[in-house]
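**Student:** Here you go, one structure.
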Protein chains: 4
Amino acid sequence: MSIRIGLIGAGAMGVHHGETLAFELGCEVAAVADIDLTRAAALADRIGTEATDDPISVITDADVDAVVIASADSTHEPYALACLELGKPVLCEKPLAPQASAAGRILAAEQEMGRRLIQVGFMRRYDADYRRMKAALEAGNLGSPLLMHCVHRNPSAGADFHSAWMITSSVSHEIDILRWLTGTEIVEATAVHGRSVLEDIHDPQLILLRTSDGLVADVEFFARAHYGYEVRAELVLERGTVSMGMPSGLQVRTDNQLVTPVTPGFVERFAPAYRAQLRDWLVAVRSGRQDGPSAWDGYATAVVADACIASQSSGGPVPVDLPTRPALYH
Amino acid sequence: MSIRIGLIGAGAMGVHHGETLAFELGCEVAAVADIDLTRAAALADRIGTEATDDPISVITDADVDAVVIASADSTHEPYALACLELGKPVLCEKPLAPQASAAGRILAAEQEMGRRLIQVGFMRRYDADYRRMKAALEAGNLGSPLLMHCVHRNPSAGADFHSAWMITSSVSHEIDILRWLTGTEIVEATAVHGRSVLEDIHDPQLILLRTSDGLVADVEFFARAHYGYEVRAELVLERGTVSMGMPSGLQVRTDNQLVTPVTPGFVERFAPAYRAQLRDWLVAVRSGRQDGPSAWDGYATAVVADACIASQSSGGPVPVDLPTRPALYH
Amino acid sequence: MSIRIGLIGAGAMGVHHGETLAFELGCEVAAVADIDLTRAAALADRIGTEATDDPISVITDADVDAVVIASADSTHEPYALACLELGKPVLCEKPLAPQASAAGRILAAEQEMGRRLIQVGFMRRYDADYRRMKAALEAGNLGSPLLMHCVHRNPSAGADFHSAWMITSSVSHEIDILRWLTGTEIVEATAVHGRSVLEDIHDPQLILLRTSDGLVADVEFFARAHYGYEVRAELVLERGTVSMGMPSGLQVRTDNQLVTPVTPGFVERFAPAYRAQLRDWLVAVRSGRQDGPSAWDGYATAVVADACIASQSSGGPVPVDLPTRPALYH
Amino acid sequence: MSIRIGLIGAGAMGVHHGETLAFELGCEVAAVADIDLTRAAALADRIGTEATDDPISVITDADVDAVVIASADSTHEPYALACLELGKPVLCEKPLAPQASAAGRILAAEQEMGRRLIQVGFMRRYDADYRRMKAALEAGNLGSPLLMHCVHRNPSAGADFHSAWMITSSVSHEIDILRWLTGTEIVEATAVHGRSVLEDIHDPQLILLRTSDGLVADVEFFARAHYGYEVRAELVLERGTVSMGMPSGLQVRTDNQLVTPVTPGFVERFAPAYRAQLRDWLVAVRSGRQDGPSAWDGYATAVVADACIASQSSGGPVPVDLPTRPALYH
Ligand SMILES: [Mg+2]
Ligand SMILES: [Mg+2]
Ligand SMILES: [Mg+2]
Ligand SMILES: [Mg+2]
């Protein structure tokens, strides 16, 4: 069964979701809506679908089976409620809403429906290293979690990205991860402000969160960190720590050792390359223009392999005799 | 336009290609062939297609637009030739053929066709770090390449994975990468044997390759390295080196510094998580069973965000008041 | 001019200082005092000096030019005051005193003297990576410092290492480093407690420190971290961050890069090995028993080098013909 | 017993040895000899001893108990023989001699003496990570060694540092380490040359060494690597590998993990800082000018610690009230 997706929002996240659905997942996007029709049309054109400036028309479209909401945070509520009314599944970008009151109305509507239709875009739960961190925590051998240190930095942000927005739009990721990792709720929050790169916005911020069983997490969120994007976390447990977001991937410190996983096999190591190979090859097949590794590459490699094997017997260097590359492969 | 793929081979690589096509790329696999009908049927069943033990029937099937060959190395030649005869595009697992003579016959047939139909499965060219290595080489600021050190280790291998097969099946990756990176051909090969973990097979092997402009590469291939899978490479240039396959990703050594890239933004960092989120959500929509981050997660996060924002004003800790989790979200 | 040191305290730190003075720095220790005469005698015996259970007698001894105080924290005050009275230079283990009031009395006495005689054992200022961090900060290209994250973990601690002691004995290192790095004073301190590994002691603790120009530092001190000893710090500046204590040494994040220094030459890389070589050789000369790399090692290496050079001409493998190792070198 | 050292050679290595003996190890250097009297005098002046241009006079000086030879490689033989004749212990820089024949004459003379007096400056055996590598090999749990990959790079070298000299002066380190690590002798050597940064000198070189039990080592030596100095090695064993020289220190790959050691305690972590602290303090005591962490630093830290402890009780921020810094501490 093929699912036709309605996409609300053609900003940065809408474009990313739309292109991923169309080009990476072979999925049909039935329509794109954005209050800015020009950018809706640009995306629709690129992924081969229709554009509109009326999001509600997309939601009510009988050809739309499910909806991705990636419009401005303040518009999530009416669109989510409209989807709920029609019983259509929703993937809604985080935050569900910028205020708890609005989020509460969505929650109430879904409960009235009696079944879950809304997924919130807390995509970090799908990150391999956060999953490994959760697995390391749940394995139990490191004991109970005591503290968590989080760092979340963006290279830059617009002037409208103010102190409160930094919480709802960005720190919300760490809030969700802390709840998801520990399986507990947060019972206290403190915002600490020190030196800031701006006069009227607190940036960076240091947020302290306390969970129902007493774990304290400190979160540095820095929206204008200048040097790049970086997300890191270290969970401190009774008998060791687990870190993610380091250049070397997951790190477990325990028993006088810092341990980083080694991939068990080539699939784990090269799965993204295999997928990219197939995707590019499919594109080439569609277009009729092959540009991947050619039969000539296969042949040249086989000639060198023959020489290696000859050297296995002779023990010395074996010259490789390759004919001139045929014109077809230039 | 949708492309229907015929898949030859339902061994480890066939399964991986078939599942990636069906589940990751939303692509239609028209048929799966394997001389072992049982395993062909198992894969076909999983990805929703037909199975056969006659690969040629798949190739000649008018419903098959393009073919993935992932059968035993020695069978690549007849299947590739059959595809060429019908003008069907092929993605053929490496090696194109285990001997240069067989590879040469495929090459000759394709040239007779006069157009390129065959892509060889040198998927490392699609790996992000190999691509970054090539970009660092081509940037030119490090000068010309002088040496290359390669390490290629598998955790284990069957007793039939003998000294020559280790070359054609595995070292062929490094042979291709060396040609691709440098844009030159290899003119000499030497196989060096030292201590081995087996009596009758040389394992590990040390292979020396020399390119037409004098660069020497040493390749350790170790099929039974026991500890895990690992592929590494260091390119030594006149003014620095570039390494890939390290736990910390690409490393450039130059000007008294070891430099590792920092991702510029959240898309580069979390693209795989975004894709996984959409894919799992699509599966959930199809099945009608939502299990991702729920409206409750969105609501709870918004309540905590509210408290953080209140603390921005008050400067002190703010308690978080969350109602009991509704039954729908248990 | 040779300096004779009086050492007060023969506990862990006293032993370390005494052995370093005697064995690493060729320095004369005139006497060792400890209220436990047995352990004073054990150390004195090992480093070839006299032992006493009367610290004041060591301080007043005319043969003692300078004093190292490494006794219990609460005894620093009387010993430091006795040294000041006699005008003898002191290296006093941190903390100068466990209460500000006691430290203030020492400070007042030194000011009355009118010259500086006391150095406090904040030895982290001598650590290569803290110095590199300070240099990176002062270079100025990363802008002003905004935040600092510190981690300080010990594997274990006795039951008497209570919440306050954790501050005076251990967090005092971070307090000093923050003052030293930034050249500012601290104006506010907050102790945050969450889950603890003990019932009656807060462990780990999270300490927030604010400097006079608004920089906020968070310090995790965990006295019973179980897995090992670790000290880390990350300074967050306007245009990048500087980290120390990572397995890879100093890390600078700036301009989309994570940069680690490469040593410029063999002296920087191997200075500790050169020093250890000389020290062990001096010990061997004293004892008359040579056990380092021998003339045989020099000869065998020269024979292999000859073969390498012969291979430079011949291009092929050259066998190495080494005579039997003489009995003298067994 | 104090040992008086005669130092032959006041070039780079002579200076380093002389300063380390005098300033780091508190050792008396009785005289410095160099055929260039000016540089001998410069060093002698700095370390407070006499200079001469007659090395033999230093060796025969009755006040000289032991000799460090750090003169030109070709002069090691006569000086070493002169020391042997007088029964004086020698630390001779590597190589013992640049030709096996000369090294053999020294070896013969020492055997005639009947006791070991000569140590060769293979100082890598004193490097902490090479020692850890040897310990990891000897622990046995990784099985027998099969291959070794070595990288040895200098940033630059003079025009006289020719192909053969690169072996005797530099690759000799790897030759020694391979013999020392494995406890076997080398039975075959091959020099492989590829692209070079110079026309008349092979640089980089790739040297293959085979030990008596079949282990093959490849050594890249690159004298003009431009980017910095770097020494790395990876030992490949049956069940894992051990690497040293990485930015993260020793790495053990085994059982699907990459393991880096964590220091067990503060002494292991900060021993160099403790030593540097004592050394600088001794210098300050001699000069009468204290410039390390002062009583003011101790006091200010104690005041902040008091505030932290007060916050442990109050739970909230505690202001720190520090008096003005007294003039003595400006
Ligand atoms: Mg958004
Ligand atoms: Mg295959
Ligand atoms: Mg103490
Ligand atoms: Mg030398």
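All residue names refer to the structure tokens as shown: chains lettered A, B, ... in order, residues numbered from 1 in each chain, ligands numbered from 1 in order.
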Can you work out which residues are within 9 Å of ligand 2, considering only C-alpha atoms and all ligand atoms, and then hand them over as a PyMOL selection string?

**Tutor:** chain B and resi 12-13+70-73+93-95+169-170

**Student:** Include N, CA and C atoms and write out the residues we just selected as a tab-separated table (two decimals), in the first residue's frame.

**Tutor:**
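That gives us again26.tsv:
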chain	number	residue	atom	x	y	z
B	12	ALA	N	23.98	-13.18	1.36
B	12	ALA	CA	24.06	-12.02	2.26
B	12	ALA	C	23.92	-10.71	1.50
B	13	MET	N	24.66	-10.56	0.38
B	13	MET	CA	24.60	-9.30	-0.35
B	13	MET	C	23.27	-9.14	-1.05
B	70	ALA	N	24.09	-10.28	-7.63
B	70	ALA	CA	24.75	-10.48	-6.34
B	70	ALA	C	24.93	-11.97	-6.09
B	71	SER	N	25.11	-12.71	-7.16
B	71	SER	CA	25.31	-14.16	-7.05
B	71	SER	C	26.81	-14.45	-6.87
B	72	ALA	N	27.16	-15.74	-6.86
B	72	ALA	CA	28.57	-16.13	-6.68
B	72	ALA	C	29.44	-15.46	-7.75
B	73	ASP	N	30.67	-15.08	-7.35
B	73	ASP	CA	31.55	-14.32	-8.24
B	73	ASP	C	31.71	-14.98	-9.60
B	93	GLU	N	27.81	-6.87	-8.35
B	93	GLU	CA	28.68	-6.90	-7.18
B	93	GLU	C	30.14	-7.08	-7.62
B	94	LYS	N	31.05	-6.49	-6.89
B	94	LYS	CA	32.47	-6.70	-7.16
B	94	LYS	C	32.82	-8.11	-6.69
B	95	PRO	N	33.80	-8.79	-7.31
B	95	PRO	CA	34.50	-8.35	-8.51
B	95	PRO	C	33.62	-8.55	-9.74
B	169	SER	N	38.14	-10.81	-3.95
B	169	SER	CA	36.90	-10.43	-3.28
B	169	SER	C	37.09	-9.22	-2.37
B	170	SER	N	38.26	-9.05	-1.80
B	170	SER	CA	38.42	-8.03	-0.77
B	170	SER	C	39.44	-6.95	-1.11

**Student:** Can you tell me, as a PDB file with N, CA and C atoms, in the first residue's frame, what residues are no more than 12 Å from B:Ala42 when counting only C-alpha atoms, ignoring any on the same chain fewer than 2 positions away?

**Tutor:**
ATOM      1  N   ALA B  10      20.419 -14.451  -3.589  1.00  0.00           N
ATOM      2  CA  ALA B  10      19.743 -14.162  -2.321  1.00  0.00           C
ATOM      3  C   ALA B  10      20.625 -14.561  -1.146  1.00  0.00           C
ATOM      4  N   GLY B  11      21.936 -14.452  -1.363  1.00  0.00           N
ATOM      5  CA  GLY B  11      22.874 -14.634  -0.246  1.00  0.00           C
ATOM      6  C   GLY B  11      22.926 -13.342   0.565  1.00  0.00           C
ATOM      7  N   GLY B  14      22.719 -10.224  -1.595  1.00  0.00           N
ATOM      8  CA  GLY B  14      21.419 -10.151  -2.256  1.00  0.00           C
ATOM      9  C   GLY B  14      20.343  -9.712  -1.279  1.00  0.00           C
ATOM     10  N   VAL B  15      20.362 -10.280  -0.092  1.00  0.00           N
ATOM     11  CA  VAL B  15      19.386  -9.898   0.938  1.00  0.00           C
ATOM     12  C   VAL B  15      19.536  -8.418   1.268  1.00  0.00           C
ATOM     13  N   GLY B  18      18.302  -6.333  -1.654  1.00  0.00           N
ATOM     14  CA  GLY B  18      16.845  -6.462  -1.807  1.00  0.00           C
ATOM     15  C   GLY B  18      16.095  -5.678  -0.737  1.00  0.00           C
ATOM     16  N   GLU B  19      16.540  -5.808   0.513  1.00  0.00           N
ATOM     17  CA  GLU B  19      15.857  -5.097   1.595  1.00  0.00           C
ATOM     18  C   GLU B  19      16.056  -3.587   1.485  1.00  0.00           C
ATOM     19  N   VAL B  32      13.147 -12.252  -7.519  1.00  0.00           N
ATOM     20  CA  VAL B  32      14.414 -12.652  -6.910  1.00  0.00           C
ATOM     21  C   VAL B  32      14.762 -14.038  -7.409  1.00  0.00           C
ATOM     22  N   ALA B  33      15.993 -14.221  -7.891  1.00  0.00           N
ATOM     23  CA  ALA B  33      16.420 -15.544  -8.346  1.00  0.00           C
ATOM     24  C   ALA B  33      17.619 -16.015  -7.544  1.00  0.00           C
ATOM     25  N   ASP B  34      17.609 -17.294  -7.198  1.00  0.00           N
ATOM     26  CA  ASP B  34      18.777 -17.895  -6.558  1.00  0.00           C
ATOM     27  C   ASP B  34      18.732 -19.384  -6.876  1.00  0.00           C
ATOM     28  N   ASP B  36      19.386 -21.573  -5.003  1.00  0.00           N
ATOM     29  CA  ASP B  36      18.748 -22.161  -3.820  1.00  0.00           C
ATOM     30  C   ASP B  36      17.363 -21.507  -3.701  1.00  0.00           C
ATOM     31  N   LEU B  37      16.330 -22.216  -4.173  1.00  0.00           N
ATOM     32  CA  LEU B  37      14.989 -21.622  -4.245  1.00  0.00           C
ATOM     33  C   LEU B  37      14.459 -21.243  -2.865  1.00  0.00           C
ATOM     34  N   THR B  38      14.834 -22.011  -1.859  1.00  0.00           N
ATOM     35  CA  THR B  38      14.350 -21.723  -0.499  1.00  0.00           C
ATOM     36  C   THR B  38      14.743 -20.330  -0.044  1.00  0.00           C
ATOM     37  N   ARG B  39      16.035 -20.012  -0.241  1.00  0.00           N
ATOM     38  CA  ARG B  39      16.437 -18.686   0.253  1.00  0.00           C
ATOM     39  C   ARG B  39      15.938 -17.577  -0.670  1.00  0.00           C
ATOM     40  N   ALA B  40      15.772 -17.873  -1.964  1.00  0.00           N
ATOM     41  CA  ALA B  40      15.149 -16.891  -2.854  1.00  0.00           C
ATOM     42  C   ALA B  40      13.731 -16.595  -2.368  1.00  0.00           C
ATOM     43  N   ALA B  44      12.080 -13.112  -1.155  1.00  0.00           N
ATOM     44  CA  ALA B  44      10.955 -12.610  -1.954  1.00  0.00           C
ATOM     45  C   ALA B  44       9.734 -12.395  -1.063  1.00  0.00           C
ATOM     46  N   ASP B  45       9.511 -13.335  -0.186  1.00  0.00           N
ATOM     47  CA  ASP B  45       8.383 -13.222   0.740  1.00  0.00           C
ATOM     48  C   ASP B  45       8.496 -11.967   1.593  1.00  0.00           C
ATOM     49  N   ARG B  46       9.700 -11.736   2.095  1.00  0.00           N
ATOM     50  CA  ARG B  46       9.899 -10.598   2.997  1.00  0.00           C
ATOM     51  C   ARG B  46       9.703  -9.270   2.271  1.00  0.00           C
ATOM     52  N   ILE B  47      10.112  -9.200   1.012  1.00  0.00           N
ATOM     53  CA  ILE B  47      10.025  -7.905   0.317  1.00  0.00           C
ATOM     54  C   ILE B  47       8.855  -7.870  -0.664  1.00  0.00           C
ATOM     55  N   GLY B  48       7.995  -8.899  -0.599  1.00  0.00           N
ATOM     56  CA  GLY B  48       6.749  -8.846  -1.362  1.00  0.00           C
ATOM     57  C   GLY B  48       6.909  -9.002  -2.854  1.00  0.00           C
ATOM     58  N   THR B  49       7.642 -10.053  -3.287  1.00  0.00           N
ATOM     59  CA  THR B  49       7.808 -10.271  -4.724  1.00  0.00           C
ATOM     60  C   THR B  49       7.854 -11.773  -5.019  1.00  0.00           C
ATOM     61  N   GLU B  50       8.185 -12.121  -6.267  1.00  0.00           N
ATOM     62  CA  GLU B  50       8.226 -13.527  -6.696  1.00  0.00           C
ATOM     63  C   GLU B  50       9.641 -14.094  -6.585  1.00  0.00           C
ATOM     64  N   ALA B  51       9.730 -15.410  -6.402  1.00  0.00           N
ATOM     65  CA  ALA B  51      11.029 -16.077  -6.351  1.00  0.00           C
ATOM     66  C   ALA B  51      11.145 -17.121  -7.460  1.00  0.00           C
ATOM     67  N   THR B  52      12.406 -17.340  -7.898  1.00  0.00           N
ATOM     68  CA  THR B  52      12.660 -18.382  -8.894  1.00  0.00           C
ATOM     69  C   THR B  52      14.073 -18.909  -8.683  1.00  0.00           C
TER      70      THR B  52
END

**Student:** Using only C-alpha atoms and a cut-off of 9 Å, which residues of chain A sit close to chain D? Please list them as an mmCIF file with N, CA and C atoms, in the first residue's frame.

**Tutor:**
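Saved as part_13.cif:
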data_model
loop_
_atom_site.group_PDB
_atom_site.id
_atom_site.type_symbol
_atom_site.label_atom_id
_atom_site.label_comp_id
_atom_site.auth_asym_id
_atom_site.auth_seq_id
_atom_site.Cartn_x
_atom_site.Cartn_y
_atom_site.Cartn_z
ATOM 1 N N ARG A 253 33.045 5.126 29.579
ATOM 2 C CA ARG A 253 34.149 5.125 30.536
ATOM 3 C C ARG A 253 33.763 4.191 31.680
ATOM 4 N N THR A 254 34.546 3.167 31.862
ATOM 5 C CA THR A 254 34.279 2.249 32.971
ATOM 6 C C THR A 254 35.518 1.409 33.213
ATOM 7 N N ASP A 255 35.725 1.040 34.484
ATOM 8 C CA ASP A 255 36.839 0.132 34.823
ATOM 9 C C ASP A 255 38.176 0.593 34.264
ATOM 10 N N ASN A 256 38.506 1.867 34.477
ATOM 11 C CA ASN A 256 39.790 2.401 34.012
ATOM 12 C C ASN A 256 39.990 2.339 32.507
ATOM 13 N N GLN A 257 38.892 2.311 31.765
ATOM 14 C CA GLN A 257 39.005 2.267 30.317
ATOM 15 C C GLN A 257 38.014 3.224 29.672
ATOM 16 N N LEU A 258 38.405 3.762 28.538
ATOM 17 C CA LEU A 258 37.484 4.496 27.688
ATOM 18 C C LEU A 258 37.254 3.601 26.473
ATOM 19 N N VAL A 259 36.025 3.177 26.285
ATOM 20 C CA VAL A 259 35.717 2.178 25.265
ATOM 21 C C VAL A 259 34.851 2.790 24.166
ATOM 22 N N THR A 260 35.277 2.609 22.931
ATOM 23 C CA THR A 260 34.531 3.040 21.754
ATOM 24 C C THR A 260 34.182 1.797 20.952
ATOM 25 N N PRO A 261 32.961 1.696 20.430
ATOM 26 C CA PRO A 261 32.632 0.471 19.695
ATOM 27 C C PRO A 261 33.365 0.356 18.357
ATOM 28 N N VAL A 262 33.707 -0.853 17.975
ATOM 29 C CA VAL A 262 34.212 -1.158 16.631
ATOM 30 C C VAL A 262 33.086 -1.856 15.886
ATOM 31 N N THR A 263 32.824 -1.480 14.648
ATOM 32 C CA THR A 263 31.728 -2.106 13.907
ATOM 33 C C THR A 263 32.013 -3.592 13.736
ATOM 34 N N PRO A 264 30.978 -4.399 13.890
ATOM 35 C CA PRO A 264 31.211 -5.847 13.773
ATOM 36 C C PRO A 264 31.428 -6.306 12.332
#

**Student:** What lies within 10 Å of stretch 145-147 of chain B using only C-alpha atoms, ignoring chain neighbours under 6 positions off, as a PyMOL selection string?

**Tutor:** (chain B and resi 137+181-182+210+213-218+234-242) or (chain D and resi 193-197+203-206+220)

**Student:** Residues within 6 Å of stretch 287-296 of chain A, please, as a PyMOL selection string. Count only C-alpha atoms; anything in the same chain fewer than 5 positions from it doesn't count.

**Tutor:** chain B and resi 107+118-120

**Student:** Need to verify the contact set: D:Glu85, 9 Å, only C-alpha atoms, exclusion of same-chain residues closer than 3 positions in sequence. Can you return it as number ranges by chain?

**Tutor:** D: 80-82, 88, 109-110, 113

**Student:** What are the DSSP strand (DSSP E) residues of stretch 91-326 of chain B, as a PyMOL selection string?

**Tutor:** chain B and resi 91-92+118-120+145-153+186-193+205-211+216-222+230-237+240-244+251-254+257-261+318-319

**Student:** Would you list the contacts of A:Gly183 as a list in words, taking every protein, DNA or RNA residue within 10 Å and counting only C-alpha atoms, but skipping same-chain residues closer than 6 positions in sequence?

**Tutor:** Ile177, Thr211 and Ser212 of chain A

**Student:** Name the closest residue to ligand 4 among the candidates D:Leu322, D:Ala276, D:Val64, D:Leu96; distances are taken between atoms, counting only C-alpha atoms and all ligand atoms.

**Tutor:**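 Smallest distance to ligand 4 is found for D:Leu96.
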
**Student:** May I have the residues within 6 Å of stretch 54-57 of chain A as a list in words, using only C-alpha atoms and disregarding those fewer than 3 positions away in the same chain?

**Tutor:**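 These residues fall inside the cut-off: Ile8, Ala33, Thr60 and Asp61 of chain A.
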
**Student:** Could those selected residues go to a file with C-alpha atoms, as an mmCIF file, in the first residue's frame?

**Tutor:**
data_model
loop_
_atom_site.group_PDB
_atom_site.id
_atom_site.type_symbol
_atom_site.label_atom_id
_atom_site.label_comp_id
_atom_site.auth_asym_id
_atom_site.auth_seq_id
_atom_site.Cartn_x
_atom_site.Cartn_y
_atom_site.Cartn_z
ATOM 1 C CA ILE A 8 2.403 21.666 5.390
ATOM 2 C CA ALA A 33 1.156 23.908 1.215
ATOM 3 C CA THR A 60 -8.985 17.856 3.928
ATOM 4 C CA ASP A 61 -7.908 16.529 0.511
#

**Student:** Which is closest to ligand 1 among A:Val303, A:Ile167, A:Val231, A:Ala22, if we use only C-alpha atoms and all ligand atoms?

**Tutor:**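 Closest to ligand 1, using only C-alpha atoms and all ligand atoms: A:Ile167.
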
**Student:** For a test of reading the model, state the distance in Å between atom CA of A:Glu138 and atom CA of A:Trp180, rounded to one decimal.

**Tutor:**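 The value is 11.7 Å.
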
**Student:** For atom CA of A:Leu142 and atom CA of C:His149, quote the distance in Å rounded to one decimal.

**Tutor:** 23.1 Å

**Student:** DSSP on the backbone: what in stretch 28-82 of chain D comes out alpha helix (DSSP H), as a list of chain:residue names?

**Tutor:**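 For stretch 28-82 of chain D, the alpha helix (DSSP H) set is D:Leu37, D:Thr38, D:Arg39, D:Ala40, D:Ala41, D:Ala42, D:Leu43, D:Ala44, D:Asp45, D:Arg46, D:Ile47, D:Pro55, D:Ile56, D:Ser57, D:Val58, D:Ile59, D:Thr60, D:His76, D:Glu77, D:Pro78, D:Tyr79, D:Ala80, D:Leu81, D:Ala82.
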
**Student:** For the atom pair atom CA of D:His17 and atom CA of D:Ala284, what is the interatomic distance in Å to one decimal place?

**Tutor:**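 Straight-line distance from atom CA of D:His17 to atom CA of D:Ala284 works out to 22.9 Å.
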